[in-house]
$ cat structure-v1.cif   # mmCIF, C-alpha atoms
data_data
loop_
_atom_site.group_PDB
_atom_site.id
_atom_site.type_symbol
_atom_site.label_atom_id
_atom_site.label_comp_id
_atom_site.auth_asym_id
_atom_site.auth_seq_id
_atom_site.Cartn_x
_atom_site.Cartn_y
_atom_site.Cartn_z
ATOM 1 C CA MET U 1250 84.738 85.425 94.431
ATOM 2 C CA ALA U 1251 87.624 83.269 95.637
ATOM 3 C CA THR U 1252 88.836 83.702 99.201
ATOM 4 C CA PRO U 1253 91.975 85.859 99.210
ATOM 5 C CA PRO U 1254 95.334 84.551 100.448
ATOM 6 C CA VAL U 1255 95.873 84.478 104.206
ATOM 7 C CA ILE U 1256 99.551 85.490 104.138
ATOM 8 C CA ASP U 1257 99.836 89.290 104.205
ATOM 9 C CA GLY U 1258 102.287 89.639 101.315
ATOM 10 C CA ALA U 1259 100.142 87.557 98.993
ATOM 11 C CA PHE U 1260 97.043 89.371 100.244
ATOM 12 C CA ALA U 1261 98.656 92.743 99.406
ATOM 13 C CA ARG U 1262 99.360 91.462 95.886
ATOM 14 C CA TRP U 1263 95.769 90.211 95.552
ATOM 15 C CA LEU U 1264 94.402 93.585 96.625
ATOM 16 C CA ALA U 1265 96.670 95.553 94.296
ATOM 17 C CA GLU U 1266 95.818 93.307 91.354
ATOM 18 C CA ARG U 1267 92.072 93.647 91.968
ATOM 19 C CA ALA U 1268 92.249 97.432 92.282
ATOM 20 C CA GLY U 1269 94.433 97.593 89.188
ATOM 21 C CA GLN U 1270 91.934 95.628 87.116
ATOM 22 C CA ALA U 1271 89.122 97.843 88.358
ATOM 23 C CA LEU U 1272 91.088 100.891 87.231
ATOM 24 C CA LEU U 1273 91.650 99.403 83.771
ATOM 25 C CA ASP U 1274 87.897 98.794 83.549
ATOM 26 C CA VAL U 1275 87.164 102.400 84.560
ATOM 27 C CA ARG U 1276 89.627 103.681 81.986
ATOM 28 C CA ALA U 1277 87.908 101.649 79.260
ATOM 29 C CA GLU U 1278 84.396 102.642 80.352
ATOM 30 C CA VAL U 1279 84.863 106.357 81.020
ATOM 31 C CA GLY U 1280 87.407 107.093 78.294
ATOM 32 C CA HIS U 1281 89.843 110.000 78.124
ATOM 33 C CA ASP U 1282 87.652 112.820 76.786
ATOM 34 C CA ASP U 1283 87.195 114.279 80.281
ATOM 35 C CA PRO U 1284 90.461 113.766 82.237
ATOM 36 C CA ALA U 1285 89.058 115.248 85.461
ATOM 37 C CA ALA U 1286 86.086 112.874 85.427
ATOM 38 C CA LEU U 1287 88.365 109.916 84.715
ATOM 39 C CA LYS U 1288 90.688 110.840 87.585
ATOM 40 C CA ALA U 1289 87.780 111.189 90.012
ATOM 41 C CA ALA U 1290 86.198 107.928 88.916
ATOM 42 C CA GLY U 1291 89.495 106.050 89.187
ATOM 43 C CA ASP U 1292 90.286 107.387 92.662
ATOM 44 C CA LYS U 1293 86.822 106.474 93.947
ATOM 45 C CA VAL U 1294 86.591 102.987 92.452
ATOM 46 C CA ALA U 1295 90.029 101.885 93.632
ATOM 47 C CA HIS U 1296 89.642 103.431 97.088
ATOM 48 C CA ASP U 1297 86.206 101.907 97.633
ATOM 49 C CA LEU U 1298 87.386 98.479 96.505
ATOM 50 C CA LEU U 1299 90.443 98.471 98.757
ATOM 51 C CA ARG U 1300 88.552 99.821 101.757
ATOM 52 C CA THR U 1301 85.756 97.271 101.300
ATOM 53 C CA GLU U 1302 88.090 94.291 101.014
ATOM 54 C CA LEU U 1303 90.231 95.397 103.945
ATOM 55 C CA ALA U 1304 87.140 95.820 106.106
ATOM 56 C CA ARG U 1305 85.973 92.364 105.065
ATOM 57 C CA TRP U 1306 89.203 90.392 105.324
ATOM 58 C CA ARG U 1307 91.306 92.402 107.809
ATOM 59 C CA PRO U 1308 88.663 94.051 110.056
ATOM 60 C CA ALA U 1309 90.995 94.386 113.062
ATOM 61 C CA ASP U 1310 93.573 96.401 111.135
ATOM 62 C CA ALA U 1311 93.629 100.189 110.732
ATOM 63 C CA VAL U 1312 93.907 101.855 107.323
ATOM 64 C CA LEU U 1313 95.560 105.035 106.049
ATOM 65 C CA SER U 1314 94.473 105.880 102.495
ATOM 66 C CA GLU U 1315 95.243 108.936 100.429
ATOM 67 C CA GLU U 1316 91.533 109.210 99.678
ATOM 68 C CA ASP U 1317 90.373 109.189 103.318
ATOM 69 C CA ASP U 1318 88.824 112.410 104.589
ATOM 70 C CA GLY U 1319 91.473 114.276 106.576
ATOM 71 C CA SER U 1320 94.213 111.880 105.538
ATOM 72 C CA ARG U 1321 96.754 114.699 105.177
ATOM 73 C CA ARG U 1322 96.089 116.131 108.600
ATOM 74 C CA ALA U 1323 98.903 115.940 111.147
ATOM 75 C CA TRP U 1324 97.816 114.947 114.631
ATOM 76 C CA VAL U 1325 99.516 116.902 117.412
ATOM 77 C CA ALA U 1326 99.180 115.830 121.037
ATOM 78 C CA GLY U 1327 99.213 118.255 123.942
ATOM 79 C CA ALA U 1328 95.871 119.960 124.508
ATOM 80 C CA GLY U 1329 94.019 117.410 126.590
ATOM 81 C CA ALA U 1330 94.751 115.852 129.961
ATOM 82 C CA GLY U 1331 97.851 113.763 129.737
ATOM 83 C CA GLY U 1332 98.625 115.235 126.317
ATOM 84 C CA ASP U 1333 96.535 112.620 124.548
ATOM 85 C CA ARG U 1334 94.247 114.859 122.514
ATOM 86 C CA ALA U 1335 94.743 117.141 119.560
ATOM 87 C CA PRO U 1336 94.608 120.928 119.978
ATOM 88 C CA ASP U 1337 91.076 121.056 118.546
ATOM 89 C CA GLY U 1338 89.845 118.389 120.968
ATOM 90 C CA ASP U 1339 89.741 115.486 118.530
ATOM 91 C CA ALA U 1340 90.948 112.066 119.614
ATOM 92 C CA PRO U 1341 94.045 110.710 117.876
ATOM 93 C CA PRO U 1342 93.374 108.556 114.803
ATOM 94 C CA ALA U 1343 92.957 104.846 115.547
ATOM 95 C CA ARG U 1344 95.958 103.967 113.407
ATOM 96 C CA LEU U 1345 98.364 105.545 115.900
ATOM 97 C CA SER U 1346 97.506 102.936 118.546
ATOM 98 C CA ALA U 1347 96.878 100.041 116.159
ATOM 99 C CA GLU U 1348 99.164 97.031 115.928
ATOM 100 C CA ARG U 1349 98.798 96.862 112.143
ATOM 101 C CA VAL U 1350 98.040 99.579 109.597
ATOM 102 C CA TRP U 1351 97.459 99.221 105.867
ATOM 103 C CA ILE U 1352 98.911 102.223 104.025
ATOM 104 C CA ILE U 1353 97.347 102.495 100.586
ATOM 105 C CA ASP U 1354 97.423 104.746 97.568
ATOM 106 C CA PRO U 1355 94.489 103.574 95.446
ATOM 107 C CA LEU U 1356 95.751 105.416 92.360
ATOM 108 C CA ASP U 1357 99.295 106.740 92.305
ATOM 109 C CA GLY U 1358 99.744 108.937 89.250
ATOM 110 C CA THR U 1359 96.274 110.250 88.418
ATOM 111 C CA ARG U 1360 97.719 112.521 85.720
ATOM 112 C CA GLU U 1361 99.229 109.563 83.875
ATOM 113 C CA PHE U 1362 96.108 107.453 84.442
ATOM 114 C CA SER U 1363 94.023 110.127 82.706
ATOM 115 C CA GLU U 1364 96.290 110.307 79.646
ATOM 116 C CA GLU U 1365 95.587 107.796 76.925
ATOM 117 C CA GLY U 1366 98.420 105.370 76.274
ATOM 118 C CA ARG U 1367 100.402 106.072 79.449
ATOM 119 C CA SER U 1368 101.363 103.116 81.618
ATOM 120 C CA ASP U 1369 103.402 104.838 84.373
ATOM 121 C CA TRP U 1370 100.726 104.819 87.107
ATOM 122 C CA ALA U 1371 100.253 102.387 89.961
ATOM 123 C CA VAL U 1372 98.312 100.992 92.908
ATOM 124 C CA HIS U 1373 100.106 100.847 96.288
ATOM 125 C CA VAL U 1374 99.201 98.468 99.113
ATOM 126 C CA ALA U 1375 101.512 98.213 102.159
ATOM 127 C CA LEU U 1376 101.227 96.834 105.670
ATOM 128 C CA TRP U 1377 102.943 98.503 108.642
ATOM 129 C CA SER U 1378 103.269 96.500 111.857
ATOM 130 C CA ARG U 1379 104.284 97.595 115.326
ATOM 131 C CA GLN U 1380 106.208 94.315 115.471
ATOM 132 C CA GLY U 1381 108.054 94.951 112.197
ATOM 133 C CA SER U 1382 111.763 94.277 112.519
ATOM 134 C CA ALA U 1383 112.967 96.689 109.806
ATOM 135 C CA SER U 1384 113.404 100.349 110.683
ATOM 136 C CA HIS U 1385 110.462 101.314 108.469
ATOM 137 C CA GLN U 1386 108.301 98.558 110.075
ATOM 138 C CA LEU U 1387 106.754 97.683 106.708
ATOM 139 C CA VAL U 1388 106.139 93.935 106.689
ATOM 140 C CA ALA U 1389 104.314 93.452 103.383
ATOM 141 C CA GLY U 1390 103.647 95.396 100.234
ATOM 142 C CA ALA U 1391 102.693 95.262 96.588
ATOM 143 C CA VAL U 1392 102.843 97.717 93.706
ATOM 144 C CA ALA U 1393 100.547 97.007 90.779
ATOM 145 C CA LEU U 1394 101.358 98.569 87.426
ATOM 146 C CA PRO U 1395 98.092 97.636 85.739
ATOM 147 C CA ALA U 1396 98.757 99.095 82.300
ATOM 148 C CA GLN U 1397 102.089 97.227 82.278
ATOM 149 C CA HIS U 1398 100.380 93.996 83.372
ATOM 150 C CA ARG U 1399 102.714 93.367 86.279
ATOM 151 C CA VAL U 1400 102.755 93.443 90.060
ATOM 152 C CA LEU U 1401 105.842 93.708 92.273
ATOM 153 C CA GLY U 1402 105.385 92.312 95.756
ATOM 154 C CA THR U 1403 107.166 91.308 98.925
ATOM 155 C CA ASP U 1404 105.689 87.813 98.710
ATOM 156 C CA HIS U 1405 107.936 87.123 95.712
ATOM 157 C CA PRO U 1406 110.541 89.922 95.707
ATOM 158 C CA PRO U 1407 112.182 90.532 92.352
ATOM 159 C CA ALA U 1408 115.853 89.660 91.945
ATOM 160 C CA TYR U 1409 118.350 92.393 92.745
ATOM 161 C CA PRO U 1410 118.770 94.455 89.553
ATOM 162 C CA PRO U 1411 121.908 93.798 87.495
ATOM 163 C CA MET U 1412 124.841 96.200 87.732
ATOM 164 C CA THR U 1413 124.848 98.737 84.910
ATOM 165 C CA VAL U 1414 126.158 101.850 86.661
ATOM 166 C CA GLY U 1415 129.457 103.247 85.449
ATOM 167 C CA THR U 1416 131.248 106.582 85.494
ATOM 168 C CA ALA U 1417 130.001 109.036 82.925
ATOM 169 C CA GLY U 1418 132.578 109.722 80.266
ATOM 170 C CA ALA U 1419 134.923 106.934 81.338
ATOM 171 C CA GLY U 1420 135.388 104.879 78.230
ATOM 172 C CA GLY U 1421 131.732 105.041 77.321
ATOM 173 C CA ALA U 1422 130.562 103.596 80.637
ATOM 174 C CA THR U 1423 126.870 103.802 81.404
ATOM 175 C CA PRO U 1424 125.936 106.874 83.482
ATOM 176 C CA VAL U 1425 123.732 106.687 86.544
ATOM 177 C CA ARG U 1426 120.088 106.731 85.478
ATOM 178 C CA LEU U 1427 117.935 108.861 87.777
ATOM 179 C CA ALA U 1428 114.179 108.373 87.584
ATOM 180 C CA ALA U 1429 112.608 111.836 87.679
ATOM 181 C CA SER U 1430 109.244 113.526 87.396
ATOM 182 C CA ARG U 1431 108.371 114.197 83.782
ATOM 183 C CA SER U 1432 106.394 117.318 84.717
ATOM 184 C CA ARG U 1433 107.870 118.700 87.973
ATOM 185 C CA PRO U 1434 111.494 117.617 88.429
ATOM 186 C CA PRO U 1435 113.033 119.151 91.587
ATOM 187 C CA ALA U 1436 115.359 122.094 90.922
ATOM 188 C CA PHE U 1437 118.302 120.443 92.709
ATOM 189 C CA LEU U 1438 118.369 117.584 90.173
ATOM 190 C CA THR U 1439 120.314 119.649 87.624
ATOM 191 C CA GLY U 1440 123.293 119.989 89.963
ATOM 192 C CA LEU U 1441 122.971 116.405 91.191
ATOM 193 C CA VAL U 1442 123.030 115.087 87.627
ATOM 194 C CA GLU U 1443 126.241 116.972 86.887
ATOM 195 C CA ASP U 1444 127.822 115.925 90.185
ATOM 196 C CA VAL U 1445 127.293 112.164 89.893
ATOM 197 C CA GLY U 1446 127.455 111.913 86.119
ATOM 198 C CA ALA U 1447 123.839 110.969 85.595
ATOM 199 C CA VAL U 1448 121.062 111.127 83.048
ATOM 200 C CA LEU U 1449 117.409 111.747 83.875
ATOM 201 C CA VAL U 1450 114.780 109.156 83.013
ATOM 202 C CA PRO U 1451 111.433 111.018 83.050
ATOM 203 C CA MET U 1452 108.328 109.071 84.119
ATOM 204 C CA GLY U 1453 105.116 109.470 86.041
ATOM 205 C CA SER U 1454 104.103 108.217 89.466
ATOM 206 C CA ALA U 1455 106.407 107.585 92.428
ATOM 207 C CA GLY U 1456 105.420 103.928 92.307
ATOM 208 C CA ALA U 1457 106.420 103.684 88.668
ATOM 209 C CA LYS U 1458 109.762 105.367 89.379
ATOM 210 C CA ILE U 1459 110.660 103.071 92.277
ATOM 211 C CA ALA U 1460 109.449 100.078 90.249
ATOM 212 C CA ALA U 1461 111.899 101.141 87.541
ATOM 213 C CA VAL U 1462 114.739 101.009 90.079
ATOM 214 C CA ILE U 1463 113.572 97.610 91.340
ATOM 215 C CA SER U 1464 113.471 96.199 87.820
ATOM 216 C CA GLY U 1465 116.778 97.776 86.741
ATOM 217 C CA GLU U 1466 115.347 100.286 84.258
ATOM 218 C CA ALA U 1467 116.753 103.074 86.452
ATOM 219 C CA ASP U 1468 119.527 103.107 89.042
ATOM 220 C CA ALA U 1469 118.024 105.542 91.546
ATOM 221 C CA TYR U 1470 115.041 107.652 92.437
ATOM 222 C CA VAL U 1471 115.549 110.805 94.495
ATOM 223 C CA HIS U 1472 112.673 112.959 95.653
ATOM 224 C CA ALA U 1473 112.695 116.064 97.834
ATOM 225 C CA GLY U 1474 109.596 117.990 96.892
ATOM 226 C CA GLY U 1475 106.900 116.810 99.283
ATOM 227 C CA GLN U 1476 105.115 113.474 99.507
ATOM 228 C CA TYR U 1477 103.035 111.480 101.975
ATOM 229 C CA GLU U 1478 103.477 108.019 103.462
ATOM 230 C CA TRP U 1479 101.180 106.375 100.914
ATOM 231 C CA ASP U 1480 103.336 107.656 98.044
ATOM 232 C CA SER U 1481 106.259 105.464 99.055
ATOM 233 C CA ALA U 1482 105.237 102.808 101.616
ATOM 234 C CA ALA U 1483 104.439 99.961 99.222
ATOM 235 C CA PRO U 1484 107.284 100.670 96.760
ATOM 236 C CA VAL U 1485 109.777 100.979 99.648
ATOM 237 C CA ALA U 1486 108.549 97.690 101.146
ATOM 238 C CA VAL U 1487 109.231 95.918 97.850
ATOM 239 C CA ALA U 1488 112.507 97.742 97.192
ATOM 240 C CA THR U 1489 113.989 96.837 100.569
ATOM 241 C CA ALA U 1490 112.743 93.248 100.267
ATOM 242 C CA THR U 1491 114.660 93.173 96.988
ATOM 243 C CA GLY U 1492 117.796 94.381 98.777
ATOM 244 C CA LEU U 1493 117.891 97.978 97.563
ATOM 245 C CA HIS U 1494 118.750 101.002 99.705
ATOM 246 C CA ALA U 1495 115.880 103.248 100.848
ATOM 247 C CA SER U 1496 116.204 106.233 103.197
ATOM 248 C CA ARG U 1497 115.510 109.929 103.648
ATOM 249 C CA VAL U 1498 117.796 112.184 101.601
ATOM 250 C CA ASP U 1499 119.941 112.801 104.699
ATOM 251 C CA GLY U 1500 120.470 109.048 105.072
ATOM 252 C CA SER U 1501 118.129 108.653 108.054
ATOM 253 C CA ALA U 1502 115.519 105.906 108.236
ATOM 254 C CA LEU U 1503 112.118 106.197 106.616
ATOM 255 C CA LYS U 1504 109.336 106.087 109.215
ATOM 256 C CA TYR U 1505 105.705 105.191 108.615
ATOM 257 C CA ASN U 1506 102.434 105.450 110.554
ATOM 258 C CA GLU U 1507 103.631 108.700 112.085
ATOM 259 C CA PRO U 1508 101.311 111.375 113.588
ATOM 260 C CA ASP U 1509 102.124 113.584 110.590
ATOM 261 C CA PRO U 1510 101.728 111.510 107.397
ATOM 262 C CA LYS U 1511 103.983 113.837 105.419
ATOM 263 C CA LEU U 1512 107.139 112.081 104.253
ATOM 264 C CA PRO U 1513 108.599 114.721 101.979
ATOM 265 C CA ASP U 1514 111.791 113.126 100.694
ATOM 266 C CA LEU U 1515 113.427 109.805 99.969
ATOM 267 C CA VAL U 1516 116.170 108.000 98.072
ATOM 268 C CA VAL U 1517 115.802 104.523 96.591
ATOM 269 C CA CYS U 1518 118.828 103.118 94.812
ATOM 270 C CA ARG U 1519 121.319 100.303 94.537
ATOM 271 C CA LYS U 1520 123.219 99.843 97.802
ATOM 272 C CA ASP U 1521 126.573 100.351 96.083
ATOM 273 C CA LEU U 1522 125.376 103.709 94.756
ATOM 274 C CA ALA U 1523 123.919 105.003 98.038
ATOM 275 C CA PRO U 1524 127.098 106.526 99.597
ATOM 276 C CA ARG U 1525 127.830 108.453 96.416
ATOM 277 C CA LEU U 1526 124.279 109.756 96.052
ATOM 278 C CA LEU U 1527 123.871 110.697 99.711
ATOM 279 C CA ALA U 1528 127.166 112.594 99.697
ATOM 280 C CA ALA U 1529 126.127 114.479 96.568
ATOM 281 C CA LEU U 1530 122.750 115.301 98.108
ATOM 282 C CA GLN U 1531 124.503 116.861 101.093
ATOM 283 C CA ARG U 1532 126.254 119.192 98.688
ATOM 284 C CA HIS U 1533 123.191 120.133 96.657
ATOM 285 C CA ILE U 1534 120.283 120.382 99.077
ATOM 286 C CA GLY U 1535 122.150 120.982 102.327
ATOM 287 C CA VAL U 1536 120.965 117.935 104.266
#

$ encode --input "structure-v1.cif" --output "C-alpha cells"
Amino acid sequence: MATPPVIDGAFARWLAERAGQALLDVRAEVGHDDPAALKAAGDKVAHDLLRTELARWRPADAVLSEEDDGSRRAWVAGAGAGGDRAPDGDAPPARLSAERVWIIDPLDGTREFSEEGRSDWAVHVALWSRQGSASHQLVAGAVALPAQHRVLGTDHPPAYPPMTVGTAGAGGATPVRLAASRSRPPAFLTGLVEDVGAVLVPMGSAGAKIAAVISGEADAYVHAGGQYEWDSAAPVAVATATGLHASRVDGSALKYNEPDPKLPDLVVCRKDLAPRLLAALQRHIGV
C-alpha cells in the first residue's frame, strides 16, 4: 500500500476515498437482500478501516466516530475535585484535551446505502484543531460520495457554485432549491418553503445534501431535527472552504469537539441567500 499524503487535507481525501471503495465492495459482496445486514457490515468495515489508518498514520491525534462506543454521550464536568470528572466518576474523553481531533462518520446515510441503486450516501472525514483559525476550528475535511464516484475536499475546494437563485413567480425566475430529507423532512419546512419561495429537493444523507449545495445542485440545506458533530463536520469544512455560509439556524457559529457531541441544527447556503434564510427561520422556528 502506498504511503498516504502528509498534508492533512489530502490525507482526509485519501481516507474518505479508501473507506468509500471498501463500502462499494461490501455492497457488491453482501447484496441488498438483507438491508439490516448490509447496513451493519458497511458501518463496521468503514469504521474499522478509518480507525486503523488513523491509528497508524496519525497516532497522536484523538478520534470521534459515530461508531465508537459511547460516542453520543455528553460529558458533564462537576462531580470530582476541581470539577474535572463526570458525575459518574469517569474521566473526560481524551479528545477534549487533545490538540487535534478527527471527526468521522464512516457511513452517512445507511438507509440509502442499503437500497439498491441509491447514490446519496457518503463518508465524512474532518479534522478539528485547537489552533484552527475559523470559528468552527475545522482545518481539513473530505466528503466521499462513492456511488457517485467523486470526493469533495478542502485540499482542492470546489469553485463557488454559480448563481441560480431567483424570486419565485417573478418572470419565471428559478426558486430557491432546498435540499431536504426524503423520508423525514422537518415540519417547519412547509412554512419556510412558502416564505422564501422555494422548492424542496429530496435526497438522503446530510453529506449528500451539503454536497449538493457545494456543487450547485441545491441552493441551501436547513436542518433542525437533531444531529451530531460527525453528521456535518466534514461537509461544513468543505462548504466553508468553498466560500459558502454555514451556521446554526439562529446564525450563531457551529462548534465542534464539544463536551456534548449533539449539534442539532445547521444552515448551509450561498452567502447571498443567508440573511433571507436566517430571517425566515426566525419566523418559523422561533430562533

$ closest_residue --input "structure-v1.cif" --among "U:Ala1528, U:Leu1515, U:Ile1463, U:Leu1449" --to "U:Gly1475" --atoms "only C-alpha atoms"
U:Leu1515

$ atom_distance --input "structure-v1.cif" --atom1 "atom CA of U:Ile1256" --atom2 "atom CA of U:Pro1411"
29.1 Å

$ closest_residue --input "structure-v1.cif" --among "U:Asp1292, U:Glu1466, U:Asp1282, U:Glu1302" --to "U:Thr1252" --atoms "only C-alpha atoms"
U:Glu1302

$ resolve_selection --input "structure-v1.cif" --expression "the PyMOL selection byres ((chain U and resi 1495) around 8)" --output "PyMOL selection string"
chain U and resi 1485+1488-1489+1493-1494+1496-1497+1502-1503+1515-1518

$ residues_around --input "structure-v1.cif" --residues "stretch 1348-1350 of chain U" --least-positions-apart "6" --cutoff "6 Å" --atoms "all atoms listed in the file" --output "PyMOL selection string"
chain U and resi 1310-1312+1376-1379

$ build_atoms --input "structure-v1.cif" --residues "stretch 1381-1396 of chain U" --atoms "N, CA, C and O atoms" --output "mmCIF file, keeping the file's coordinate frame"
data_model
loop_
_atom_site.group_PDB
_atom_site.id
_atom_site.type_symbol
_atom_site.label_atom_id
_atom_site.label_comp_id
_atom_site.auth_asym_id
_atom_site.auth_seq_id
_atom_site.Cartn_x
_atom_site.Cartn_y
_atom_site.Cartn_z
ATOM 1 N N GLY U 1381 107.136 95.044 113.335
ATOM 2 C CA GLY U 1381 108.054 94.951 112.197
ATOM 3 C C GLY U 1381 109.498 95.121 112.612
ATOM 4 O O GLY U 1381 109.831 96.015 113.398
ATOM 5 N N SER U 1382 110.358 94.272 112.104
ATOM 6 C CA SER U 1382 111.763 94.277 112.519
ATOM 7 C C SER U 1382 112.607 95.302 111.775
ATOM 8 O O SER U 1382 113.630 95.768 112.286
ATOM 9 N N ALA U 1383 112.218 95.682 110.562
ATOM 10 C CA ALA U 1383 112.967 96.689 109.806
ATOM 11 C C ALA U 1383 112.692 98.074 110.378
ATOM 12 O O ALA U 1383 111.675 98.300 111.051
ATOM 13 N N SER U 1384 113.577 98.999 110.124
ATOM 14 C CA SER U 1384 113.404 100.349 110.683
ATOM 15 C C SER U 1384 112.116 101.000 110.197
ATOM 16 O O SER U 1384 111.483 101.766 110.933
ATOM 17 N N HIS U 1385 111.695 100.708 108.972
ATOM 18 C CA HIS U 1385 110.462 101.314 108.469
ATOM 19 C C HIS U 1385 109.213 100.563 108.945
ATOM 20 O O HIS U 1385 108.104 101.043 108.785
ATOM 21 N N GLN U 1386 109.384 99.369 109.512
ATOM 22 C CA GLN U 1386 108.301 98.558 110.075
ATOM 23 C C GLN U 1386 107.246 98.161 109.033
ATOM 24 O O GLN U 1386 106.116 97.830 109.380
ATOM 25 N N LEU U 1387 107.623 98.181 107.770
ATOM 26 C CA LEU U 1387 106.754 97.683 106.708
ATOM 27 C C LEU U 1387 107.003 96.186 106.564
ATOM 28 O O LEU U 1387 108.144 95.769 106.350
ATOM 29 N N VAL U 1388 105.960 95.390 106.688
ATOM 30 C CA VAL U 1388 106.139 93.935 106.689
ATOM 31 C C VAL U 1388 105.574 93.270 105.440
ATOM 32 O O VAL U 1388 105.794 92.072 105.234
ATOM 33 N N ALA U 1389 104.853 94.002 104.628
ATOM 34 C CA ALA U 1389 104.314 93.452 103.383
ATOM 35 C C ALA U 1389 103.973 94.614 102.465
ATOM 36 O O ALA U 1389 103.696 95.731 102.915
ATOM 37 N N GLY U 1390 103.998 94.343 101.172
ATOM 38 C CA GLY U 1390 103.647 95.396 100.234
ATOM 39 C C GLY U 1390 103.558 94.879 98.821
ATOM 40 O O GLY U 1390 104.166 93.853 98.478
ATOM 41 N N ALA U 1391 102.800 95.591 98.009
ATOM 42 C CA ALA U 1391 102.693 95.262 96.588
ATOM 43 C C ALA U 1391 102.444 96.541 95.805
ATOM 44 O O ALA U 1391 101.733 97.444 96.266
ATOM 45 N N VAL U 1392 103.041 96.602 94.634
ATOM 46 C CA VAL U 1392 102.843 97.717 93.706
ATOM 47 C C VAL U 1392 102.338 97.129 92.400
ATOM 48 O O VAL U 1392 103.055 96.377 91.734
ATOM 49 N N ALA U 1393 101.094 97.440 92.061
ATOM 50 C CA ALA U 1393 100.547 97.007 90.779
ATOM 51 C C ALA U 1393 100.777 98.094 89.745
ATOM 52 O O ALA U 1393 100.569 99.278 90.022
ATOM 53 N N LEU U 1394 101.215 97.683 88.577
ATOM 54 C CA LEU U 1394 101.358 98.569 87.426
ATOM 55 C C LEU U 1394 100.399 98.023 86.365
ATOM 56 O O LEU U 1394 100.796 97.303 85.447
ATOM 57 N N PRO U 1395 99.123 98.324 86.520
ATOM 58 C CA PRO U 1395 98.092 97.636 85.739
ATOM 59 C C PRO U 1395 98.260 97.735 84.227
ATOM 60 O O PRO U 1395 98.044 96.752 83.508
ATOM 61 N N ALA U 1396 98.617 98.921 83.738
ATOM 62 C CA ALA U 1396 98.757 99.095 82.300
ATOM 63 C C ALA U 1396 100.012 98.413 81.754
ATOM 64 O O ALA U 1396 100.165 98.270 80.546
#
